[in-house]
$ cat data38.txt   # compact mmCIF, C-alpha atoms
# COMPACT_ATOMS: atom_id res chain seq x y z
CA MET N 1 104.79 57.24 57.30
CA ALA N 2 107.53 59.34 58.88
CA CYS N 3 111.08 58.01 59.20
CA TYR N 4 112.80 58.33 62.56
CA TYR N 5 116.46 58.79 63.27
CA ASP N 6 118.35 56.93 65.98
CA ALA N 7 121.12 59.22 67.21
CA THR N 8 123.21 56.19 68.21
CA ARG N 9 123.21 54.72 64.69
CA THR N 10 126.19 55.51 62.46
CA SER N 11 125.05 53.55 59.40
CA SER N 12 121.92 54.02 57.34
CA THR N 13 119.55 52.03 55.14
CA PRO N 14 117.47 53.25 52.18
CA GLU N 15 114.35 53.10 54.37
CA LYS N 16 115.94 54.76 57.40
CA PRO N 17 118.72 57.13 56.32
CA ASN N 18 120.79 59.13 58.76
CA PHE N 19 121.62 62.82 58.60
CA ILE N 20 124.75 62.45 56.44
CA ALA N 21 123.07 60.15 53.93
CA GLN N 22 120.16 62.53 53.44
CA LEU N 23 122.40 65.45 52.47
CA SER N 24 123.00 63.77 49.10
CA GLN N 25 119.47 62.51 48.40
CA ASP N 26 116.95 63.97 45.94
CA ASN N 27 114.70 65.51 48.58
CA TRP N 28 114.60 69.14 47.44
CA PRO N 29 110.84 69.66 47.90
CA SER N 30 111.17 68.84 51.59
CA ILE N 31 114.32 70.94 51.87
CA LEU N 32 112.46 73.93 50.44
CA PHE N 33 109.66 73.51 52.99
CA ALA N 34 112.23 73.41 55.80
CA MET N 35 113.98 76.51 54.44
CA ALA N 36 110.65 78.33 54.06
CA GLY N 37 110.05 77.67 57.74
CA GLY N 38 113.39 79.25 58.56
CA VAL N 39 112.56 82.32 56.47
CA VAL N 40 109.26 83.07 58.23
CA LEU N 41 110.82 82.43 61.66
CA SER N 42 113.55 84.96 60.87
CA LEU N 43 110.96 87.52 59.72
CA GLY N 44 108.95 86.95 62.88
CA ASN N 45 111.97 87.30 65.15
CA LEU N 46 113.00 90.58 63.54
CA SER N 47 109.46 91.95 63.72
CA THR N 48 109.21 91.26 67.43
CA GLN N 49 112.29 93.41 68.05
CA TYR N 50 110.27 96.39 66.82
CA ALA N 51 107.01 95.23 68.40
CA TRP N 52 108.57 95.06 71.88
CA ALA N 53 109.37 98.77 71.73
CA PHE N 54 105.79 99.73 70.80
CA VAL N 55 103.66 97.23 72.69
CA GLY N 56 105.88 95.94 75.49
CA LEU N 57 107.44 92.54 76.05
CA SER N 58 104.53 90.84 77.81
CA VAL N 59 101.73 91.83 75.43
CA THR N 60 103.89 91.21 72.34
CA GLU N 61 104.69 87.67 73.42
CA VAL N 62 101.11 86.80 74.35
CA ILE N 63 99.62 88.17 71.13
CA THR N 64 102.24 86.62 68.82
CA ALA N 65 102.09 83.27 70.62
CA SER N 66 98.29 83.21 70.55
CA ILE N 67 98.15 84.00 66.83
CA THR N 68 100.80 81.34 66.27
CA VAL N 69 98.68 78.75 68.03
CA VAL N 70 95.37 79.79 66.45
CA ILE N 71 96.72 79.55 62.88
CA GLY N 72 99.62 77.13 63.25
CA THR N 73 97.82 74.63 65.46
CA THR N 74 94.84 74.49 63.10
CA LEU N 75 97.11 73.88 60.10
CA ASN N 76 99.12 71.24 61.95
CA TYR N 77 95.96 69.48 63.12
CA PHE N 78 94.91 68.79 59.54
CA LEU N 79 98.45 68.10 58.31
CA ASP N 80 98.92 65.49 61.06
CA ASP N 81 95.75 63.65 59.94
CA LYS N 82 93.85 64.83 63.02
CA ILE N 83 95.87 62.81 65.54
CA ASN N 84 95.09 65.40 68.23
CA ARG N 85 91.70 65.30 69.94
CA ALA N 86 89.63 68.02 68.29
CA GLN N 87 87.07 68.22 71.12
CA ILE N 88 89.92 69.36 73.39
CA LEU N 89 92.19 71.10 70.89
CA PHE N 90 89.82 73.68 69.44
CA PRO N 91 88.39 74.94 72.75
CA GLY N 92 92.03 75.65 73.60
CA VAL N 93 92.40 77.56 70.33
CA GLY N 94 89.34 79.58 71.33
CA CYS N 95 91.01 80.47 74.63
CA PHE N 96 94.03 81.75 72.69
CA LEU N 97 91.74 83.95 70.60
CA ILE N 98 90.34 85.47 73.78
CA ALA N 99 93.91 86.03 75.01
CA VAL N 100 94.69 87.94 71.78
CA CYS N 101 91.73 90.26 72.31
CA LEU N 102 92.63 90.82 75.96
CA GLY N 103 96.25 91.51 74.97
CA SER N 104 95.17 94.27 72.60
CA ALA N 105 92.98 95.72 75.36
CA VAL N 106 95.89 95.62 77.83
CA HIS N 107 98.05 97.59 75.41
CA SER N 108 95.38 100.24 74.84
CA SER N 109 94.65 100.58 78.55
CA ASN N 110 98.34 100.85 79.44
CA ALA N 111 98.86 103.50 76.74
CA ALA N 112 96.05 105.54 78.30
CA ASP N 113 97.67 105.12 81.73
CA ASN N 114 101.01 106.37 80.42
CA LYS N 115 99.35 109.38 78.83
CA ALA N 116 97.68 110.25 82.16
CA LYS N 117 101.02 109.90 84.01
CA LEU N 118 102.78 112.27 81.62
CA LYS N 119 99.97 114.80 81.83
CA GLY N 120 99.91 114.59 85.63
CA ALA N 121 103.66 115.28 85.74
CA GLY N 122 103.25 118.55 83.85
CA TYR N 123 103.97 117.35 80.33
CA SER N 124 101.57 117.94 77.46
CA PRO N 125 100.82 114.67 75.71
CA THR N 126 98.78 114.99 72.54
CA SER N 127 95.77 112.85 71.75
CA ASN N 128 97.96 109.92 70.72
CA GLY N 129 100.24 110.12 73.76
CA ALA N 130 103.03 112.11 72.10
CA LEU N 131 104.91 115.02 73.66
CA THR N 132 105.25 118.48 72.19
CA ASN N 133 108.22 119.21 69.92
CA GLU N 134 109.91 121.24 72.67
CA GLU N 135 109.51 118.44 75.19
CA LEU N 136 110.91 115.95 72.68
CA ARG N 137 113.97 118.19 72.14
CA ASN N 138 114.48 118.44 75.89
CA LEU N 139 114.15 114.69 76.10
CA GLU N 140 116.93 114.15 73.55
CA LYS N 141 119.16 116.56 75.52
CA GLY N 142 118.32 114.88 78.81
CA THR N 143 116.82 118.04 80.25
CA GLY N 144 114.53 117.45 83.21
CA ILE N 145 115.05 113.69 83.28
CA ILE N 146 115.65 112.06 86.67
CA GLU N 147 118.54 109.60 86.64
CA GLU N 148 117.08 107.04 89.07
CA ALA N 149 113.38 107.29 88.28
CA LYS N 150 111.04 104.78 89.94
CA ALA N 151 109.33 102.25 87.68
CA GLY N 152 105.85 103.28 86.66
CA THR N 153 106.37 107.03 87.06
CA ALA N 154 106.30 109.66 84.31
CA GLU N 155 110.01 110.25 84.83
CA PHE N 156 110.66 106.54 84.30
CA LEU N 157 108.74 106.63 81.01
CA LEU N 158 110.74 109.62 79.84
CA GLU N 159 114.05 108.07 80.83
CA LEU N 160 113.05 104.87 79.04
CA GLU N 161 112.16 106.82 75.89
CA LYS N 162 115.50 108.61 76.03
CA ARG N 163 117.39 105.30 76.06
CA ARG N 164 115.30 103.56 73.39
CA ALA N 165 116.81 102.95 69.98
CA ILE N 166 113.25 103.00 68.61
CA LYS N 167 111.38 106.12 69.78
CA VAL N 168 107.71 105.36 70.41
CA PHE N 169 106.36 108.68 71.69
CA GLY N 170 104.12 110.10 68.99
CA LYS N 171 103.79 106.77 67.17
CA SER N 172 100.35 105.34 66.55
CA THR N 173 99.12 102.39 68.62
CA ILE N 174 98.04 100.77 65.35
CA VAL N 175 101.67 100.65 64.18
CA GLY N 176 102.78 98.58 67.17
CA LEU N 177 99.81 96.22 67.01
CA SER N 178 100.20 95.78 63.23
CA ILE N 179 103.86 94.78 63.63
CA THR N 180 102.87 92.42 66.44
CA PHE N 181 100.16 90.73 64.38
CA PHE N 182 102.54 90.39 61.41
CA ALA N 183 105.09 88.69 63.67
CA GLY N 184 102.39 86.34 64.95
CA VAL N 185 101.40 85.32 61.41
CA CYS N 186 105.06 84.63 60.55
CA PHE N 187 105.50 82.51 63.67
CA SER N 188 102.32 80.59 62.85
CA LEU N 189 103.76 79.31 59.57
CA PHE N 190 107.20 77.95 60.48
CA SER N 191 105.90 74.88 62.36
CA PRO N 192 103.50 73.74 59.58
CA ALA N 193 106.29 74.24 57.03
CA PHE N 194 108.60 72.05 59.12
CA ASN N 195 105.80 69.51 59.47
CA LEU N 196 105.54 69.30 55.69
CA ALA N 197 109.31 68.96 55.42
CA THR N 198 109.47 65.92 57.70
CA ASN N 199 106.22 64.14 56.82
CA ASP N 200 105.56 65.07 53.15
CA GLN N 201 101.77 65.18 53.51
CA TRP N 202 101.49 66.74 50.03
CA HIS N 203 103.48 63.88 48.44
CA THR N 204 106.06 66.10 46.76
CA LEU N 205 108.92 63.59 47.07
CA LYS N 206 109.61 61.05 44.36
CA GLU N 207 108.60 57.47 45.03
CA GLY N 208 111.18 55.67 47.14
CA VAL N 209 112.77 58.83 48.55
CA PRO N 210 112.49 58.71 52.36
CA HIS N 211 111.15 61.63 54.36
CA LEU N 212 113.60 64.04 55.96
CA VAL N 213 114.47 63.13 59.52
CA VAL N 214 114.02 65.91 62.06
CA TYR N 215 117.75 66.63 62.29
CA THR N 216 118.23 67.02 58.53
CA ALA N 217 115.20 69.30 58.23
CA PHE N 218 116.38 71.33 61.21
CA PHE N 219 119.77 71.82 59.56
CA TYR N 220 118.25 73.40 56.43
CA PHE N 221 115.75 75.31 58.57
CA SER N 222 118.56 76.85 60.61
CA VAL N 223 120.71 77.70 57.58
CA SER N 224 117.90 79.61 55.86
CA CYS N 225 116.95 81.39 59.10
CA PHE N 226 120.56 82.56 59.53
CA VAL N 227 120.98 83.72 55.93
CA ILE N 228 117.72 85.71 55.89
CA ALA N 229 118.52 87.28 59.27
CA LEU N 230 121.95 88.32 57.99
CA ILE N 231 120.53 89.87 54.83
CA LEU N 232 117.72 91.73 56.62
CA ASN N 233 119.87 93.08 59.41
CA ILE N 234 122.60 94.35 57.08
CA THR N 235 119.91 95.95 54.89
CA PHE N 236 118.35 97.75 57.84
CA LEU N 237 121.75 99.00 58.97
CA TYR N 238 122.02 101.05 55.79
CA LEU N 239 118.28 101.54 55.11
CA PRO N 240 116.74 101.90 58.58
CA VAL N 241 113.00 102.14 59.23
CA LEU N 242 110.91 103.95 61.87
CA ASP N 243 113.27 106.95 61.97
CA LEU N 244 116.22 104.94 63.28
CA PRO N 245 119.70 106.36 62.63
CA ARG N 246 121.70 104.93 59.76
CA SER N 247 124.62 102.70 60.69
CA SER N 248 127.14 100.43 58.97
CA PHE N 249 128.38 96.86 59.12
CA LYS N 250 131.72 98.10 60.49
CA ALA N 251 129.99 99.93 63.32
CA TYR N 252 127.97 96.81 64.07
CA ILE N 253 131.10 94.65 64.28
CA ASN N 254 132.81 97.15 66.61
CA ASP N 255 129.84 97.52 68.96
CA TRP N 256 129.77 94.63 71.44
CA ASN N 257 127.42 96.25 73.91
CA GLY N 258 124.83 93.58 74.72
CA ARG N 259 126.20 91.17 72.10
CA GLY N 260 126.63 88.39 74.67
CA TRP N 261 122.94 88.53 75.58
CA ALA N 262 122.01 88.44 71.89
CA LEU N 263 124.14 85.34 71.29
CA LEU N 264 122.64 83.63 74.33
CA ALA N 265 119.13 84.44 73.10
CA GLY N 266 119.94 82.91 69.71
CA LEU N 267 121.27 79.71 71.29
CA LEU N 268 118.21 79.33 73.50
CA CYS N 269 115.88 79.99 70.56
CA GLY N 270 117.59 77.35 68.43
CA PHE N 271 117.62 74.82 71.26
CA GLY N 272 113.93 75.40 71.94
CA ASN N 273 112.97 75.09 68.28
CA GLY N 274 114.85 71.80 67.99
CA LEU N 275 113.04 70.33 70.99
CA GLN N 276 109.69 71.59 69.67
CA PHE N 277 110.24 69.81 66.35
CA MET N 278 111.30 66.57 68.05
CA GLY N 279 108.19 66.70 70.21
CA GLY N 280 106.00 67.48 67.22
CA GLN N 281 107.29 64.48 65.31
CA ALA N 282 106.44 62.22 68.25
CA ALA N 283 103.14 63.62 69.58
CA GLY N 284 101.86 65.84 66.78
CA TYR N 285 102.91 69.36 65.86
CA ALA N 286 99.58 70.80 67.01
CA ALA N 287 100.23 69.71 70.60
CA ALA N 288 103.90 70.69 70.34
CA ASP N 289 102.72 74.29 69.93
CA ALA N 290 102.25 74.20 73.71
CA VAL N 291 105.80 75.55 73.88
CA GLN N 292 104.09 78.89 73.30
CA ALA N 293 103.89 79.01 77.11
CA LEU N 294 106.99 81.21 76.74
CA PRO N 295 104.94 84.43 77.24
CA LEU N 296 104.45 83.45 80.88
CA VAL N 297 108.21 83.72 81.36
CA SER N 298 108.31 86.90 79.28
CA THR N 299 105.68 88.48 81.54
CA PHE N 300 107.89 87.75 84.53
CA TRP N 301 110.80 89.48 82.80
CA GLY N 302 108.67 92.38 81.66
CA ILE N 303 107.02 93.16 84.99
CA LEU N 304 109.70 92.32 87.55
CA LEU N 305 112.85 93.25 85.61
CA PHE N 306 111.77 95.90 83.07
CA GLY N 307 109.13 97.69 85.13
CA GLU N 308 106.20 97.14 82.78
CA TYR N 309 102.72 97.97 84.14
CA GLN N 310 104.05 99.44 87.38
CA LYS N 311 101.61 101.93 88.94
CA SER N 312 99.04 101.21 86.23
CA SER N 313 95.28 101.49 86.65
CA ARG N 314 93.08 98.78 88.11
CA ARG N 315 91.53 98.28 84.68
CA THR N 316 94.94 97.48 83.19
CA TYR N 317 95.72 95.00 85.96
CA VAL N 318 92.37 93.24 85.55
CA LEU N 319 92.89 92.93 81.80
CA LEU N 320 96.48 91.74 82.30
CA PHE N 321 95.36 89.06 84.77
CA GLY N 322 92.59 87.96 82.42
CA MET N 323 95.00 87.74 79.49
CA LEU N 324 97.46 85.58 81.41
CA PHE N 325 94.71 83.41 82.92
CA MET N 326 93.22 82.63 79.51
CA PHE N 327 96.69 81.93 78.18
CA ILE N 328 97.45 79.45 80.97
CA VAL N 329 94.12 77.68 80.42
CA ALA N 330 94.77 77.52 76.67
CA VAL N 331 98.23 76.01 77.09
CA GLY N 332 96.90 73.34 79.48
CA VAL N 333 94.08 72.42 77.10
CA LEU N 334 96.49 72.26 74.17
CA MET N 335 98.79 69.87 76.00
CA ALA N 336 95.84 67.67 76.93
CA SER N 337 94.91 67.27 73.26
CA SER N 338 98.17 65.51 72.33
CA GLY N 339 98.05 62.24 70.41
CA HIS N 340 100.57 59.70 69.07
CA ARG N 341 101.86 59.57 65.51
CA LYS N 342 101.38 56.18 63.86
$ encode --input "data38.txt" --output "structure tokens"
Amino acid sequence: MACYYDATRTSSTPEKPNFIAQLSQDNWPSILFAMAGGVVLSLGNLSTQYAWAFVGLSVTEVITASITVVIGTTLNYFLDDKINRAQILFPGVGCFLIAVCLGSAVHSSNAADNKAKLKGAGYSPTSNGALTNEELRNLEKGTGIIEEAKAGTAEFLLELEKRRAIKVFGKSTIVGLSITFFAGVCFSLFSPAFNLATNDQWHTLKEGVPHLVVYTAFFYFSVSCFVIALILNITFLYLPVLDLPRSSFKAYINDWNGRGWALLAGLLCGFGNGLQFMGGQAAGYAAADAVQALPLVSTFWGILLFGEYQKSSRRTYVLLFGMLFMFIVAVGVLMASSGHRK
């Protein structure tokens, strides 16, 4: 049975320890589960930074969130001793699977639209949507690029490519989707790992050692997430991938362009994860995966603020609507399956 923590209590008992008391207890198996959750979350977050460039914000979020729910929700359902209603839960998982397939179709259809736009504007995209070497050189120099291009036009796509840190023209569609699916698998594992850390379903703790409370587990989870993110980012500064330019830690420290937004994103991510874990401890981690409704907000950002899918084909719009519709249905079904932990 899980132990709960009263935030108003300053003392602790052996059966119900508080955060400070648990820092000195022999609960390393649970700590390692919590830290493993932080590791996979950090890997998933970093992967999405690359996936956004290839696939777009909206499709990346829907695919990763759907994979997270399909795998993570299933694992949490069995870890939580099936406290969620299976007859409602798994039809919702099926809806997420459909959303994944539609998301991949949206990406392919939008890539074809972009290729047609470039060709119609007089550029010579190859079979995979790339430009010729001469056009790429002109792009780097800024030749022929309109400063205030309208969203959805070929000029807008070229201006966007010019400003990207990660150049996507000429890259295979499979690369972007592979990174996206890898991120989704990473995201699908952090919640079950945290579930194991707080409820010890595999009985790894010694007899008499209480389970980690949510706040203690979240502390170790956050520490490991931060350390792995620091190591990976510094490594990629000096050993970049996907043809990115090499940088240095000094250059990173001196460059504050967009740093405020990055810090805000980190704070919001941490706050959201904490609430998700608190909800999972109360109503089951499978139902708590309903927080994956975040792609609906991401789609708003992607379409209205970043100009994604502007002037696309009717086929792309139909697929996009279908993807979002199935996602909304899936989230509603998932929330309806919630139960109560004994």
$ axis_aligned_box --input "data38.txt" --around "region 199-204 of chain N" --padding-each-side "4 Å" --output "lines of an AutoDock Vina configuration file"
center_x = 103.9
center_y = 65.3
center_z = 51.8
size_x = 12.7
size_y = 10.9
size_z = 18.1
$ closest_atom_pairs --input "data38.txt" --of "region 194-240 of chain N" --to "region 267-273 of chain N" --cutoff "12 Å" --atoms "only C-alpha atoms" --output "tab-separated table"
residue	atom	partner	partner_atom	distance
N:Phe194	CA	N:Asn273	CA	10.6
N:Val214	CA	N:Asn273	CA	11.1
N:Tyr215	CA	N:Asn273	CA	11.4
N:Ala217	CA	N:Asn273	CA	11.8
N:Phe218	CA	N:Asn273	CA	8.7
N:Phe219	CA	N:Gly270	CA	10.7
N:Phe221	CA	N:Asn273	CA	10.1
N:Ser222	CA	N:Gly270	CA	7.9
N:Val223	CA	N:Gly270	CA	11.3
N:Cys225	CA	N:Gly270	CA	10.2
N:Phe226	CA	N:Gly270	CA	10.7
$ atom_distance --input "data38.txt" --atom1 "CA of Gly266 (chain N)" --atom2 "CA of Tyr309 (chain N)"
27.0 Å
$ residues_around --input "data38.txt" --residues "region 319-325 of chain N" --least-positions-apart "5" --cutoff "10 Å" --atoms "all atoms listed in the file" --output "list in words"
Ser58, Val59, Val62, Ile63, Cys95, Phe96, Ile98, Ala99, Val100, Cys101, Leu102, Gly103, Ser104, Ala105, Val106, His107, Ser109, Asn110, Pro295, Leu296, Thr299, Tyr309, Arg314 and Ala330 of chain N
$ atom_distance --input "data38.txt" --atom1 "CA of Ile253 (chain N)" --atom2 "CA of Gly184 (chain N)"
29.9 Å
